[in-house]
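To be precise, the following lines are entry_16.csv, and they hold CSV, C-alpha atoms.
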chain,number,residue,atom,x,y,z
J,1,MET,CA,-14.9,17.4,-28.9
J,2,SER,CA,-18.3,16.1,-28.0
J,3,ASP,CA,-20.8,17.8,-25.7
J,4,LEU,CA,-20.3,15.1,-23.1
J,5,GLU,CA,-16.6,15.5,-23.2
J,6,THR,CA,-16.8,19.2,-22.7
J,7,TRP,CA,-19.3,18.7,-19.9
J,8,LEU,CA,-17.1,16.2,-18.2
J,9,ARG,CA,-14.1,18.4,-18.5
J,10,THR,CA,-15.9,21.4,-17.0
J,11,HIS,CA,-17.4,19.5,-14.1
J,12,ALA,CA,-14.6,17.0,-13.4
J,13,PRO,CA,-14.2,16.6,-9.7
J,14,VAL,CA,-11.2,18.5,-8.4
J,15,ALA,CA,-9.1,17.3,-5.5
J,16,PRO,CA,-8.6,19.5,-2.4
J,17,VAL,CA,-5.1,20.8,-2.0
J,18,ALA,CA,-2.9,18.2,-0.2
J,19,PRO,CA,-2.5,19.1,3.5
J,20,ALA,CA,1.0,20.3,4.4
J,21,TRP,CA,1.6,17.4,6.9
J,22,LEU,CA,1.0,14.8,4.3
J,23,GLU,CA,4.4,15.4,2.6
J,24,ASP,CA,6.3,15.0,5.9
J,25,ARG,CA,4.3,11.9,6.8
J,26,ILE,CA,5.0,10.3,3.4
J,27,VAL,CA,8.7,11.1,3.5
J,28,ALA,CA,9.0,9.9,7.1
J,29,LEU,CA,7.2,6.6,6.3
J,30,ALA,CA,9.1,6.1,3.1
J,31,THR,CA,12.6,6.6,4.6
J,32,ASP,CA,11.8,4.8,7.9
J,33,ARG,CA,10.2,1.9,6.2
J,34,VAL,CA,13.0,1.4,3.7
J,35,ARG,CA,15.7,1.7,6.3
J,36,ALA,CA,14.1,-0.3,9.1
J,37,LEU,CA,12.6,-3.0,7.1
J,38,PRO,CA,15.5,-5.5,7.1
J,39,HIS,CA,15.9,-5.1,10.9
J,40,ARG,CA,12.2,-5.4,11.6
J,41,GLN,CA,12.0,-8.4,9.3
J,42,ASN,CA,14.9,-10.1,11.2
J,43,VAL,CA,13.3,-9.4,14.6
J,44,ARG,CA,10.0,-10.8,13.3
J,45,ARG,CA,11.7,-13.8,11.8
J,46,GLY,CA,13.5,-14.5,15.1
J,47,LEU,CA,10.3,-14.3,17.1
J,48,VAL,CA,8.6,-16.7,14.7
J,49,LEU,CA,11.5,-19.1,14.9
J,50,CYS,CA,11.5,-19.0,18.8
J,51,ALA,CA,7.7,-19.6,18.9
J,52,ALA,CA,8.1,-22.5,16.4
J,53,ALA,CA,10.9,-24.1,18.4
J,54,ALA,CA,8.9,-23.7,21.7
J,55,ALA,CA,5.9,-25.3,20.1
J,56,VAL,CA,8.0,-28.3,18.7
J,57,ALA,CA,9.6,-28.8,22.1
J,58,ALA,CA,6.2,-28.8,23.9
J,59,LEU,CA,4.8,-31.2,21.3
J,60,VAL,CA,7.8,-33.6,21.7
J,61,SER,CA,7.6,-33.7,25.5
J,62,PHE,CA,3.9,-34.2,25.4
J,63,ALA,CA,4.3,-37.1,22.9
J,64,VAL,CA,7.0,-38.7,25.1
J,65,VAL,CA,4.9,-38.5,28.3
J,66,LYS,CA,1.8,-39.8,26.5
J,67,ASN,CA,3.8,-42.7,25.0
J,68,ALA,CA,5.3,-43.7,28.3
J,69,GLN,CA,1.9,-43.6,30.0
J,70,SER,CA,0.2,-45.6,27.2
J,71,THR,CA,2.9,-48.3,27.2
J,72,GLY,CA,2.9,-48.5,31.0
J,73,SER,CA,6.7,-48.3,31.2
J,74,GLU,CA,8.6,-46.3,33.8
J,75,PRO,CA,9.3,-42.8,32.8
J,76,VAL,CA,12.8,-42.4,31.5
J,77,PRO,CA,15.0,-40.6,34.1
J,78,THR,CA,16.3,-37.2,33.2
J,79,PRO,CA,20.1,-36.6,33.1
J,80,VAL,CA,19.8,-34.9,36.5
J,81,GLU,CA,18.0,-37.8,38.1
J,82,ARG,CA,20.6,-40.2,36.6
J,83,PHE,CA,23.4,-38.2,38.1
J,84,VAL,CA,21.8,-38.1,41.6
J,85,GLU,CA,21.2,-41.8,41.4
J,86,ALA,CA,24.8,-42.6,40.4
J,87,SER,CA,26.2,-40.4,43.2
J,88,TRP,CA,24.0,-42.1,45.8
J,89,ASP,CA,25.2,-45.5,44.6
J,90,ALA,CA,28.8,-44.5,44.7
J,91,THR,CA,28.5,-43.0,48.2
J,92,PHE,CA,26.5,-45.8,49.8
J,93,ALA,CA,28.0,-48.7,47.8
J,94,ASP,CA,28.7,-50.7,51.0
J,95,GLY,CA,25.4,-50.0,52.5
J,96,PRO,CA,24.2,-47.1,54.6
J,97,ASP,CA,25.7,-48.5,57.9
J,98,SER,CA,29.2,-49.1,56.8
J,99,GLU,CA,32.1,-47.3,58.4
J,100,TYR,CA,33.2,-45.8,55.1
J,101,THR,CA,29.8,-44.2,54.7
J,102,TYR,CA,29.9,-42.6,58.2
J,103,LEU,CA,33.5,-41.4,57.8
J,104,SER,CA,32.9,-40.0,54.3
J,105,ALA,CA,29.8,-38.3,55.5
J,106,GLY,CA,31.7,-36.8,58.4
J,107,LEU,CA,29.6,-38.7,61.0
J,108,GLY,CA,32.3,-41.1,62.2
J,109,GLU,CA,33.7,-41.2,65.8
J,110,ASP,CA,36.5,-38.8,66.6
I,1,MET,CA,17.0,39.6,-12.4
I,2,ASN,CA,19.4,39.8,-15.4
I,3,VAL,CA,19.7,37.4,-18.2
I,4,ALA,CA,22.7,35.5,-16.9
I,5,ALA,CA,21.0,35.0,-13.5
I,6,ARG,CA,17.8,33.9,-15.1
I,7,ARG,CA,19.7,31.4,-17.2
I,8,GLN,CA,21.5,30.1,-14.1
I,9,ALA,CA,18.2,29.8,-12.3
I,10,ALA,CA,16.8,27.8,-15.2
I,11,VAL,CA,19.8,25.5,-15.2
I,12,ALA,CA,19.5,25.0,-11.5
I,13,VAL,CA,15.9,23.5,-11.8
I,14,PRO,CA,16.5,19.8,-12.0
I,15,SER,CA,14.5,17.7,-14.5
I,16,ASP,CA,12.2,14.8,-13.4
I,17,ALA,CA,14.9,12.4,-14.8
I,18,ASP,CA,17.6,14.0,-12.6
I,19,LEU,CA,15.3,13.8,-9.5
I,20,VAL,CA,14.4,10.2,-10.3
I,21,GLU,CA,18.0,9.3,-10.4
I,22,ALA,CA,18.8,11.0,-7.1
I,23,CYS,CA,15.7,9.5,-5.6
I,24,ALA,CA,16.8,6.0,-6.6
I,25,ALA,CA,20.0,6.7,-4.7
I,26,GLY,CA,18.0,7.5,-1.6
I,27,ASP,CA,17.9,11.3,-1.8
I,28,GLU,CA,15.0,12.5,0.3
I,29,ASP,CA,15.1,16.1,-1.0
I,30,ALA,CA,14.7,14.8,-4.6
I,31,PHE,CA,11.8,12.7,-3.4
I,32,ARG,CA,10.2,15.8,-1.8
I,33,LEU,CA,10.6,17.8,-5.1
I,34,LEU,CA,9.0,15.0,-7.1
I,35,TYR,CA,6.2,14.9,-4.7
I,36,GLN,CA,5.6,18.7,-4.8
I,37,ARG,CA,5.6,18.6,-8.6
I,38,HIS,CA,3.2,15.8,-9.1
I,39,VAL,CA,1.0,15.6,-6.0
I,40,GLN,CA,-1.8,17.8,-7.2
I,41,ARG,CA,-2.3,16.0,-10.5
I,42,VAL,CA,-2.1,12.7,-8.8
I,43,ARG,CA,-4.7,13.7,-6.3
I,44,SER,CA,-7.0,14.9,-9.1
I,45,LEU,CA,-6.7,11.6,-10.9
I,46,LEU,CA,-7.3,9.7,-7.7
I,47,VAL,CA,-10.4,11.6,-6.8
I,48,ARG,CA,-11.8,11.1,-10.2
I,49,LEU,CA,-11.1,7.4,-10.2
I,50,SER,CA,-12.1,6.6,-6.6
I,51,GLY,CA,-13.9,9.5,-5.0
I,52,PRO,CA,-12.7,11.7,-2.1
I,53,THR,CA,-13.2,9.3,0.8
I,54,GLN,CA,-9.6,8.0,1.1
I,55,LEU,CA,-7.8,10.6,-0.9
I,56,ASP,CA,-5.0,11.2,1.6
I,57,ASP,CA,-4.4,7.5,2.1
I,58,MET,CA,-4.3,6.9,-1.6
I,59,THR,CA,-1.9,9.8,-2.2
I,60,GLN,CA,0.3,8.3,0.5
I,61,GLU,CA,0.2,4.9,-0.9
I,62,THR,CA,1.0,6.2,-4.4
I,63,PHE,CA,4.1,8.1,-3.3
I,64,LEU,CA,5.3,5.2,-1.1
I,65,ARG,CA,5.1,2.9,-4.1
I,66,VAL,CA,6.9,5.6,-6.1
I,67,TRP,CA,9.7,5.7,-3.5
I,68,ARG,CA,10.0,1.9,-3.4
I,69,ASN,CA,10.0,1.4,-7.1
I,70,VAL,CA,11.6,4.5,-8.5
I,71,GLY,CA,14.7,2.4,-9.4
I,72,SER,CA,12.6,0.6,-12.0
I,73,VAL,CA,11.8,3.8,-14.0
I,74,ARG,CA,13.9,3.4,-17.2
I,75,LYS,CA,15.9,6.3,-18.5
I,76,GLY,CA,14.0,8.1,-21.2
I,77,ASP,CA,10.6,6.9,-20.0
I,78,GLY,CA,8.4,9.7,-18.8
I,79,PHE,CA,8.2,9.9,-15.0
I,80,SER,CA,4.8,11.6,-15.0
I,81,ALA,CA,3.2,8.8,-17.1
I,82,TRP,CA,4.7,6.2,-14.7
I,83,VAL,CA,3.6,8.0,-11.6
I,84,TYR,CA,0.0,8.2,-13.0
I,85,SER,CA,0.0,4.5,-13.8
I,86,VAL,CA,1.1,3.9,-10.2
I,87,ALA,CA,-1.9,6.1,-9.1
I,88,VAL,CA,-4.2,4.1,-11.3
I,89,ASN,CA,-3.1,0.9,-9.7
I,90,VAL,CA,-3.6,2.3,-6.2
I,91,ALA,CA,-7.0,3.5,-7.1
I,92,ARG,CA,-7.9,0.1,-8.6
I,93,ASP,CA,-6.7,-1.7,-5.4
I,94,THR,CA,-8.7,0.8,-3.3
I,95,ALA,CA,-11.8,0.4,-5.4
I,96,ARG,CA,-11.6,-3.4,-5.0
I,97,ARG,CA,-11.4,-3.1,-1.2
I,98,GLU,CA,-14.0,-0.5,-0.9
I,99,SER,CA,-16.5,-1.8,-3.5
I,100,ARG,CA,-19.1,-2.2,-0.7
I,101,LEU,CA,-19.2,1.6,-0.2
I,102,LEU,CA,-20.1,2.3,-3.8
I,103,PRO,CA,-23.9,1.8,-3.5
I,104,ARG,CA,-24.1,4.3,-0.7
I,105,PHE,CA,-22.0,6.8,-2.6
I,106,LEU,CA,-24.0,6.3,-5.7
I,107,GLY,CA,-27.3,6.7,-3.8
I,108,ALA,CA,-26.3,10.1,-2.4
I,109,ALA,CA,-25.2,11.3,-5.8
I,110,LYS,CA,-28.5,10.2,-7.4
I,111,GLU,CA,-30.5,12.0,-4.7
I,112,ILE,CA,-28.6,15.2,-5.2
I,113,ALA,CA,-29.0,15.0,-9.0
I,114,GLY,CA,-32.7,14.1,-8.8
I,115,SER,CA,-33.8,16.7,-6.3
I,116,ARG,CA,-33.2,19.7,-8.6
I,117,ASN,CA,-33.9,20.3,-12.2
I,118,GLU,CA,-31.3,22.9,-12.7
I,119,ALA,CA,-28.0,21.7,-11.3
I,120,THR,CA,-25.6,24.3,-9.9
I,121,SER,CA,-21.9,23.8,-10.5
I,122,GLN,CA,-21.4,21.8,-7.3
I,123,GLU,CA,-24.4,19.6,-8.1
I,124,ALA,CA,-23.1,19.1,-11.6
I,125,LYS,CA,-19.8,17.9,-10.1
I,126,ASP,CA,-21.7,15.5,-7.8
I,127,LEU,CA,-23.6,14.3,-10.8
I,128,VAL,CA,-20.4,13.6,-12.7
I,129,ARG,CA,-19.0,11.8,-9.6
I,130,GLY,CA,-22.2,9.8,-9.4
I,131,ALA,CA,-22.1,8.9,-13.0
I,132,LEU,CA,-18.4,7.9,-12.7
I,133,ALA,CA,-19.3,5.6,-9.9
I,134,THR,CA,-21.7,3.7,-12.1
I,135,LEU,CA,-18.9,2.7,-14.4
I,136,ASP,CA,-16.7,-0.3,-13.6
I,137,PHE,CA,-13.1,0.5,-12.9
I,138,LYS,CA,-11.6,-0.4,-16.3
I,139,HIS,CA,-14.1,1.8,-18.2
I,140,ARG,CA,-13.8,4.6,-15.6
I,141,THR,CA,-10.0,4.7,-15.9
I,142,VAL,CA,-10.1,5.1,-19.7
I,143,LEU,CA,-12.8,7.8,-19.5
I,144,VAL,CA,-11.1,9.8,-16.8
I,145,LEU,CA,-7.7,9.6,-18.5
I,146,HIS,CA,-9.0,10.6,-21.9
I,147,ASP,CA,-11.9,13.0,-21.2
I,148,MET,CA,-10.7,14.6,-18.0
I,149,GLU,CA,-6.9,14.3,-17.9
I,150,GLN,CA,-6.7,14.8,-21.7
I,151,TRP,CA,-4.4,11.8,-22.5
I,152,THR,CA,-4.4,10.5,-26.0
I,153,GLU,CA,-5.7,7.0,-26.8
I,154,GLN,CA,-2.1,6.0,-27.6
I,155,GLU,CA,-0.8,7.2,-24.2
I,156,ILE,CA,-3.5,5.4,-22.4
I,157,ALA,CA,-2.8,2.2,-24.4
I,158,ALA,CA,0.9,2.4,-23.6
I,159,THR,CA,0.4,3.2,-19.9
I,160,LEU,CA,-2.3,0.5,-19.2
I,161,VAL,CA,-0.6,-2.0,-21.5
I,162,LEU,CA,-3.7,-2.4,-23.7
I,163,PRO,CA,-4.3,-2.5,-27.4
I,164,ARG,CA,-5.5,0.8,-28.8
I,165,GLY,CA,-8.7,-0.9,-30.1
I,166,THR,CA,-9.5,-1.9,-26.5
I,167,VAL,CA,-9.0,1.7,-25.3
I,168,LYS,CA,-11.3,2.9,-28.0
I,169,SER,CA,-14.1,0.4,-27.3
I,170,ARG,CA,-13.9,1.0,-23.5
I,171,LEU,CA,-14.1,4.8,-24.1
I,172,HIS,CA,-17.1,4.3,-26.3
I,173,HIS,CA,-18.8,2.1,-23.8
I,174,ALA,CA,-18.0,4.4,-20.8
I,175,ARG,CA,-19.4,7.5,-22.6
I,176,ALA,CA,-22.6,5.7,-23.6
I,177,LYS,CA,-23.1,4.6,-20.0
I,178,MET,CA,-22.4,8.1,-18.7
I,179,ARG,CA,-24.8,9.6,-21.2
I,180,ALA,CA,-27.5,7.2,-20.2
I,181,TYR,CA,-27.0,7.9,-16.5
I,182,VAL,CA,-27.1,11.7,-16.9
I,183,GLU,CA,-30.3,11.5,-19.1
I,184,LYS,CA,-32.0,9.3,-16.6
I,185,THR,CA,-31.2,11.4,-13.5
I,186,GLN,CA,-32.0,14.8,-15.0
Will you turn the file into C-alpha coordinates for me?
Amino acid sequence: MSDLETWLRTHAPVAPVAPAWLEDRIVALATDRVRALPHRQNVRRGLVLCAAAAAVAALVSFAVVKNAQSTGSEPVPTPVERFVEASWDATFADGPDSEYTYLSAGLGED
Amino acid sequence: MNVAARRQAAVAVPSDADLVEACAAGDEDAFRLLYQRHVQRVRSLLVRLSGPTQLDDMTQETFLRVWRNVGSVRKGDGFSAWVYSVAVNVARDTARRESRLLPRFLGAAKEIAGSRNEATSQEAKDLVRGALATLDFKHRTVLVLHDMEQWTEQEIAATLVLPRGTVKSRLHHARAKMRAYVEKTQ
(Lines of atoms letter the chains of each structure in order from A and count residues from 1; the text may use other names and numbers.)
(Lines give C-alpha, C1' and ligand atoms only; values in the text may rest on other atoms or scores of the structure.)
Protein backbone atom coordinates (compact mmCIF):
# COMPACT_ATOMS: atom_id res chain seq x y z
CA MET A 1 0.00 0.00 0.00
CA SER A 2 1.43 3.40 -0.98
CA ASP A 3 1.90 6.29 1.46
CA LEU A 4 -0.80 8.24 -0.29
CA GLU A 5 -3.23 5.36 0.04
CA THR A 6 -2.50 5.04 3.75
CA TRP A 7 -2.83 8.78 4.23
CA LEU A 8 -6.13 8.83 2.36
CA ARG A 9 -7.48 5.94 4.34
CA THR A 10 -6.49 7.53 7.63
CA HIS A 11 -7.97 10.91 6.88
CA ALA A 12 -10.91 9.93 4.71
CA PRO A 13 -13.92 12.10 5.55
CA VAL A 14 -16.39 10.31 7.79
CA ALA A 15 -20.11 10.98 7.59
CA PRO A 16 -21.99 12.08 10.69
CA VAL A 17 -24.42 9.50 12.04
CA ALA A 18 -27.76 9.63 10.24
CA PRO A 19 -30.36 11.53 12.28
CA ALA A 20 -33.12 9.34 13.68
CA TRP A 21 -35.90 11.20 11.85
CA LEU A 22 -34.33 10.48 8.47
CA GLU A 23 -35.34 6.83 8.52
CA ASP A 24 -39.00 7.66 9.23
CA ARG A 25 -39.04 10.35 6.57
CA ILE A 26 -37.56 8.05 3.94
CA VAL A 27 -39.96 5.22 4.76
CA ALA A 28 -42.95 7.60 4.75
CA LEU A 29 -41.91 9.15 1.45
CA ALA A 30 -41.19 5.81 -0.15
CA THR A 31 -44.44 4.14 0.80
CA ASP A 32 -46.61 7.20 0.26
CA ARG A 33 -45.04 7.95 -3.08
CA VAL A 34 -45.39 4.44 -4.37
CA ARG A 35 -49.00 4.05 -3.25
CA ALA A 36 -50.24 7.49 -4.14
CA LEU A 37 -48.47 7.90 -7.40
CA PRO A 38 -51.08 6.39 -9.76
CA HIS A 39 -53.86 8.39 -8.09
CA ARG A 40 -51.91 11.63 -8.18
CA GLN A 41 -50.95 10.98 -11.76
CA ASN A 42 -54.59 10.48 -12.72
CA VAL A 43 -55.63 13.69 -11.00
CA ARG A 44 -52.83 15.58 -12.70
CA ARG A 45 -53.71 14.03 -16.06
CA GLY A 46 -57.38 15.00 -15.58
CA LEU A 47 -56.48 18.59 -14.77
CA VAL A 48 -54.24 18.84 -17.80
CA LEU A 49 -56.97 17.43 -20.04
CA CYS A 50 -59.57 19.90 -18.64
CA ALA A 51 -57.22 22.81 -19.16
CA ALA A 52 -56.46 21.66 -22.70
CA ALA A 53 -60.17 21.24 -23.52
CA ALA A 54 -60.98 24.71 -22.15
CA ALA A 55 -58.15 26.22 -24.17
CA VAL A 56 -59.36 24.53 -27.38
CA ALA A 57 -62.96 25.67 -26.78
CA ALA A 58 -61.82 29.24 -26.20
CA LEU A 59 -59.70 29.19 -29.35
CA VAL A 60 -62.54 27.81 -31.48
CA SER A 61 -65.07 30.42 -30.27
CA PHE A 62 -62.56 33.17 -30.79
CA ALA A 63 -61.87 31.94 -34.32
CA VAL A 64 -65.60 31.70 -35.15
CA VAL A 65 -66.31 35.24 -33.92
CA LYS A 66 -63.30 36.65 -35.73
CA ASN A 67 -64.28 34.87 -38.92
CA ALA A 68 -67.84 36.17 -38.75
CA GLN A 69 -66.59 39.71 -38.12
CA SER A 70 -64.10 39.62 -40.98
CA THR A 71 -66.60 38.25 -43.52
CA GLY A 72 -69.24 40.74 -42.41
CA SER A 73 -71.88 38.03 -42.16
CA GLU A 74 -74.51 37.87 -39.48
CA PRO A 75 -73.43 35.94 -36.44
CA VAL A 76 -74.82 32.43 -36.49
CA PRO A 77 -77.68 32.16 -33.95
CA THR A 78 -77.16 29.84 -31.06
CA PRO A 79 -79.59 26.92 -30.53
CA VAL A 80 -81.35 28.89 -27.76
CA GLU A 81 -81.83 31.90 -30.05
CA ARG A 82 -83.16 29.61 -32.79
CA PHE A 83 -85.66 28.04 -30.35
CA VAL A 84 -86.93 31.43 -29.11
CA GLU A 85 -87.32 32.65 -32.69
CA ALA A 86 -89.23 29.54 -33.74
CA SER A 87 -91.58 29.83 -30.73
CA TRP A 88 -92.26 33.48 -31.54
CA ASP A 89 -93.07 32.63 -35.15
CA ALA A 90 -95.42 29.84 -34.12
CA THR A 91 -97.24 32.00 -31.58
CA PHE A 92 -97.67 35.09 -33.74
CA ALA A 93 -98.03 33.34 -37.07
CA ASP A 94 -101.15 35.37 -37.91
CA GLY A 95 -99.77 38.65 -36.76
CA PRO A 96 -99.73 40.19 -33.30
CA ASP A 97 -103.29 41.54 -33.53
CA SER A 98 -105.09 38.35 -34.51
CA GLU A 99 -107.80 36.91 -32.27
CA TYR A 100 -105.92 33.69 -31.95
CA THR A 101 -102.95 35.49 -30.55
CA TYR A 102 -104.99 37.32 -27.91
CA LEU A 103 -106.86 34.18 -26.94
CA SER A 104 -103.75 32.03 -26.74
CA ALA A 105 -102.01 34.70 -24.73
CA GLY A 106 -104.98 34.88 -22.31
CA LEU A 107 -105.75 38.45 -23.30
CA GLY A 108 -109.03 37.86 -25.14
CA GLU A 109 -112.46 39.12 -24.08
CA ASP A 110 -114.39 37.09 -21.50
CA MET B 1 -27.88 -17.62 26.31
CA ASN B 2 -27.45 -21.33 25.62
CA VAL B 3 -26.21 -22.81 22.35
CA ALA B 4 -29.67 -23.65 21.01
CA ALA B 5 -31.00 -20.16 21.69
CA ARG B 6 -27.92 -18.62 20.09
CA ARG B 7 -28.39 -20.82 17.02
CA GLN B 8 -32.04 -19.83 16.83
CA ALA B 9 -31.14 -16.16 17.11
CA ALA B 10 -28.57 -16.58 14.34
CA VAL B 11 -31.18 -18.23 12.13
CA ALA B 12 -33.69 -15.47 12.86
CA VAL B 13 -31.43 -12.75 11.41
CA PRO B 14 -32.53 -12.45 7.79
CA SER B 15 -29.95 -12.11 5.04
CA ASP B 16 -29.86 -9.16 2.66
CA ALA B 17 -31.28 -11.41 -0.05
CA ASP B 18 -34.30 -12.29 2.13
CA LEU B 19 -34.87 -8.65 2.96
CA VAL B 20 -34.59 -7.64 -0.69
CA GLU B 21 -37.22 -10.19 -1.61
CA ALA B 22 -39.56 -9.00 1.15
CA CYS B 23 -38.88 -5.41 0.25
CA ALA B 24 -39.76 -6.06 -3.39
CA ALA B 25 -43.12 -7.37 -2.13
CA GLY B 26 -43.71 -4.06 -0.33
CA ASP B 27 -42.58 -4.99 3.19
CA GLU B 28 -41.74 -1.76 5.00
CA ASP B 29 -40.04 -3.48 7.93
CA ALA B 30 -37.66 -5.23 5.57
CA PHE B 31 -36.89 -1.88 3.99
CA ARG B 32 -36.16 -0.40 7.42
CA LEU B 33 -33.78 -3.27 8.22
CA LEU B 34 -31.94 -2.81 4.92
CA TYR B 35 -31.70 0.91 5.61
CA GLN B 36 -30.32 0.38 9.12
CA ARG B 37 -27.74 -2.09 7.85
CA HIS B 38 -26.38 0.01 5.03
CA VAL B 39 -27.08 3.64 5.82
CA GLN B 40 -23.80 4.49 7.51
CA ARG B 41 -21.58 3.07 4.77
CA VAL B 42 -23.73 4.70 2.14
CA ARG B 43 -23.36 8.05 3.92
CA SER B 44 -19.59 7.64 4.17
CA LEU B 45 -19.40 6.97 0.46
CA LEU B 46 -21.66 9.95 -0.31
CA VAL B 47 -19.69 12.36 1.86
CA ARG B 48 -16.45 11.27 0.21
CA LEU B 49 -17.86 11.64 -3.25
CA SER B 50 -19.87 14.84 -2.86
CA GLY B 51 -19.04 16.52 0.43
CA PRO B 52 -21.30 17.00 3.44
CA THR B 53 -23.55 19.80 2.16
CA GLN B 54 -26.47 17.69 1.00
CA LEU B 55 -25.75 14.49 2.81
CA ASP B 56 -29.25 13.88 4.21
CA ASP B 57 -30.90 14.66 0.89
CA MET B 58 -28.53 12.35 -0.96
CA THR B 59 -29.11 9.60 1.60
CA GLN B 60 -32.84 10.03 1.16
CA GLU B 61 -32.62 9.94 -2.62
CA THR B 62 -30.41 6.84 -2.54
CA PHE B 63 -32.83 4.86 -0.40
CA LEU B 64 -35.88 6.05 -2.32
CA ARG B 65 -34.24 4.77 -5.50
CA VAL B 66 -33.46 1.53 -3.68
CA TRP B 67 -37.13 1.14 -2.71
CA ARG B 68 -38.35 1.90 -6.22
CA ASN B 69 -35.90 -0.40 -7.98
CA VAL B 70 -35.33 -3.14 -5.47
CA GLY B 71 -37.25 -5.53 -7.71
CA SER B 72 -34.50 -5.27 -10.29
CA VAL B 73 -31.83 -6.75 -8.00
CA ARG B 74 -31.15 -10.20 -9.38
CA LYS B 75 -30.92 -13.16 -7.02
CA GLY B 76 -27.29 -13.92 -6.30
CA ASP B 77 -26.11 -10.37 -6.99
CA GLY B 78 -24.71 -8.65 -3.93
CA PHE B 79 -27.17 -6.13 -2.56
CA SER B 80 -24.45 -4.04 -0.94
CA ALA B 81 -22.57 -3.58 -4.24
CA TRP B 82 -25.86 -2.60 -5.88
CA VAL B 83 -26.84 -0.10 -3.20
CA TYR B 84 -23.40 1.53 -3.43
CA SER B 85 -23.71 1.81 -7.17
CA VAL B 86 -27.06 3.57 -6.60
CA ALA B 87 -25.30 5.92 -4.17
CA VAL B 88 -22.58 6.63 -6.76
CA ASN B 89 -25.29 7.58 -9.28
CA VAL B 90 -27.00 9.86 -6.76
CA ALA B 91 -23.68 11.52 -5.91
CA ARG B 92 -22.92 11.99 -9.60
CA ASP B 93 -26.32 13.60 -10.25
CA THR B 94 -25.85 15.88 -7.25
CA ALA B 95 -22.33 16.81 -8.35
CA ARG B 96 -23.69 17.78 -11.76
CA ARG B 97 -26.36 19.99 -10.24
CA GLU B 98 -24.10 21.51 -7.64
CA SER B 99 -20.97 21.97 -9.74
CA ARG B 100 -21.20 25.72 -9.23
CA LEU B 101 -20.60 25.26 -5.47
CA LEU B 102 -17.30 23.47 -6.01
CA PRO B 103 -14.99 26.53 -6.32
CA ARG B 104 -16.25 27.93 -3.00
CA PHE B 105 -15.78 24.58 -1.27
CA LEU B 106 -12.34 24.19 -2.80
CA GLY B 107 -11.28 27.72 -1.82
CA ALA B 108 -12.20 27.10 1.82
CA ALA B 109 -10.29 23.84 1.90
CA LYS B 110 -7.21 25.47 0.36
CA GLU B 111 -7.30 28.26 2.89
CA ILE B 112 -7.40 25.82 5.78
CA ALA B 113 -4.62 23.72 4.33
CA GLY B 114 -2.42 26.69 3.49
CA SER B 115 -2.74 28.53 6.78
CA ARG B 116 -0.84 25.98 8.88
CA ASN B 117 2.27 23.98 8.20
CA GLU B 118 1.39 21.20 10.56
CA ALA B 119 -2.06 19.94 9.91
CA THR B 120 -4.11 18.56 12.76
CA SER B 121 -6.31 15.57 12.15
CA GLN B 122 -9.33 17.71 11.29
CA GLU B 123 -7.28 19.88 8.98
CA ALA B 124 -5.87 16.80 7.29
CA LYS B 125 -9.44 15.64 6.71
CA ASP B 126 -10.26 19.02 5.20
CA LEU B 127 -7.18 18.75 3.05
CA VAL B 128 -8.31 15.35 1.78
CA ARG B 129 -11.75 16.75 1.11
CA GLY B 130 -10.27 19.68 -0.76
CA ALA B 131 -8.02 17.39 -2.75
CA LEU B 132 -10.98 15.17 -3.63
CA ALA B 133 -12.87 18.21 -4.82
CA THR B 134 -10.14 18.95 -7.38
CA LEU B 135 -10.81 15.65 -9.13
CA ASP B 136 -13.54 15.25 -11.66
CA PHE B 137 -16.29 12.88 -10.66
CA LYS B 138 -15.20 9.79 -12.60
CA HIS B 139 -11.67 9.91 -11.16
CA ARG B 140 -12.91 10.73 -7.67
CA THR B 141 -15.31 7.77 -7.72
CA VAL B 142 -12.59 5.27 -8.57
CA LEU B 143 -10.19 6.71 -5.99
CA VAL B 144 -12.77 6.78 -3.22
CA LEU B 145 -14.00 3.27 -3.92
CA HIS B 146 -10.49 1.83 -4.16
CA ASP B 147 -8.40 3.78 -1.67
CA MET B 148 -11.03 4.63 0.92
CA GLU B 149 -13.74 2.00 0.63
CA GLN B 150 -11.19 -0.71 -0.13
CA TRP B 151 -12.92 -2.18 -3.14
CA THR B 152 -10.83 -4.21 -5.56
CA GLU B 153 -10.29 -2.99 -9.12
CA GLN B 154 -12.40 -5.89 -10.32
CA GLU B 155 -15.34 -4.94 -8.07
CA ILE B 156 -15.17 -1.34 -9.23
CA ALA B 157 -15.05 -2.41 -12.86
CA ALA B 158 -18.08 -4.64 -12.37
CA THR B 159 -20.11 -2.04 -10.48
CA LEU B 160 -19.36 0.91 -12.73
CA VAL B 161 -19.49 -1.25 -15.87
CA LEU B 162 -16.00 -0.26 -16.98
CA PRO B 163 -13.07 -2.23 -18.36
CA ARG B 164 -10.49 -3.03 -15.70
CA GLY B 165 -7.83 -1.11 -17.63
CA THR B 166 -9.95 2.04 -17.44
CA VAL B 167 -10.30 1.65 -13.68
CA LYS B 168 -6.52 1.29 -13.38
CA SER B 169 -5.74 4.32 -15.50
CA ARG B 170 -8.34 6.47 -13.69
CA LEU B 171 -6.90 5.42 -10.35
CA HIS B 172 -3.39 6.30 -11.51
CA HIS B 173 -4.50 9.69 -12.79
CA ALA B 174 -6.50 10.45 -9.62
CA ARG B 175 -3.60 9.58 -7.32
CA ALA B 176 -1.20 11.73 -9.33
CA LYS B 177 -3.55 14.67 -9.13
CA MET B 178 -4.12 14.17 -5.40
CA ARG B 179 -0.39 14.00 -4.76
CA ALA B 180 0.21 17.17 -6.76
CA TYR B 181 -2.52 19.01 -4.86
CA VAL B 182 -1.23 17.96 -1.44
CA GLU B 183 2.36 18.88 -2.31
CA LYS B 184 1.27 22.26 -3.62
CA THR B 185 -0.82 23.20 -0.59
CA GLN B 186 1.53 22.00 2.16
Distance criterion (only C-alpha atoms): nearest to Val17 (chain J) out of I:Arg140, I:Phe31, I:Val42, I:Glu21
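Of I:Arg140, I:Phe31, I:Val42, I:Glu21, the one nearest Val17 (chain J) is I:Val42, counting only C-alpha atoms.
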Please determine the contact residues of chain J with respect to chain I at a cut-off of 9 Å, counting only C-alpha atoms, and supply them as a ChimeraX atom specification.
/J:4-19,22-27,29-31,34
Give me the residues near region 151-168 of chain I as a list in words, where near means some atom within 10 Å (using all atoms listed in the file) and where sequence neighbours in that chain fewer than 4 positions away do not count.
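The residues that qualify are Ala81, Trp82, Tyr84, Ser85, Val86, Val88, Asn89, Lys138, His139, Thr141, Val142, Leu143, Val144, Leu145, His146, Asp147, His172, His173 and Ala174 of chain I.
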Provide the CA of Trp21 (chain J) to CA of Asp18 (chain I) distance in Å, to one decimal place.
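Taking CA of Trp21 (chain J) as the start and CA of Asp18 (chain I) as the end point, the length is 25.5 Å.
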Just give me the gap between CA of Asp77 (chain I) and CA of Arg96 (chain I) in Å, one decimal is fine.
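Computed distance, CA of Asp77 (chain I) to CA of Arg96 (chain I), equals 28.7 Å.
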Could you tell me how far CA of Val60 (chain J) lies from CA of Ser87 (chain J), in Å and to one decimal?
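Between these atoms lies a distance of 29.1 Å.
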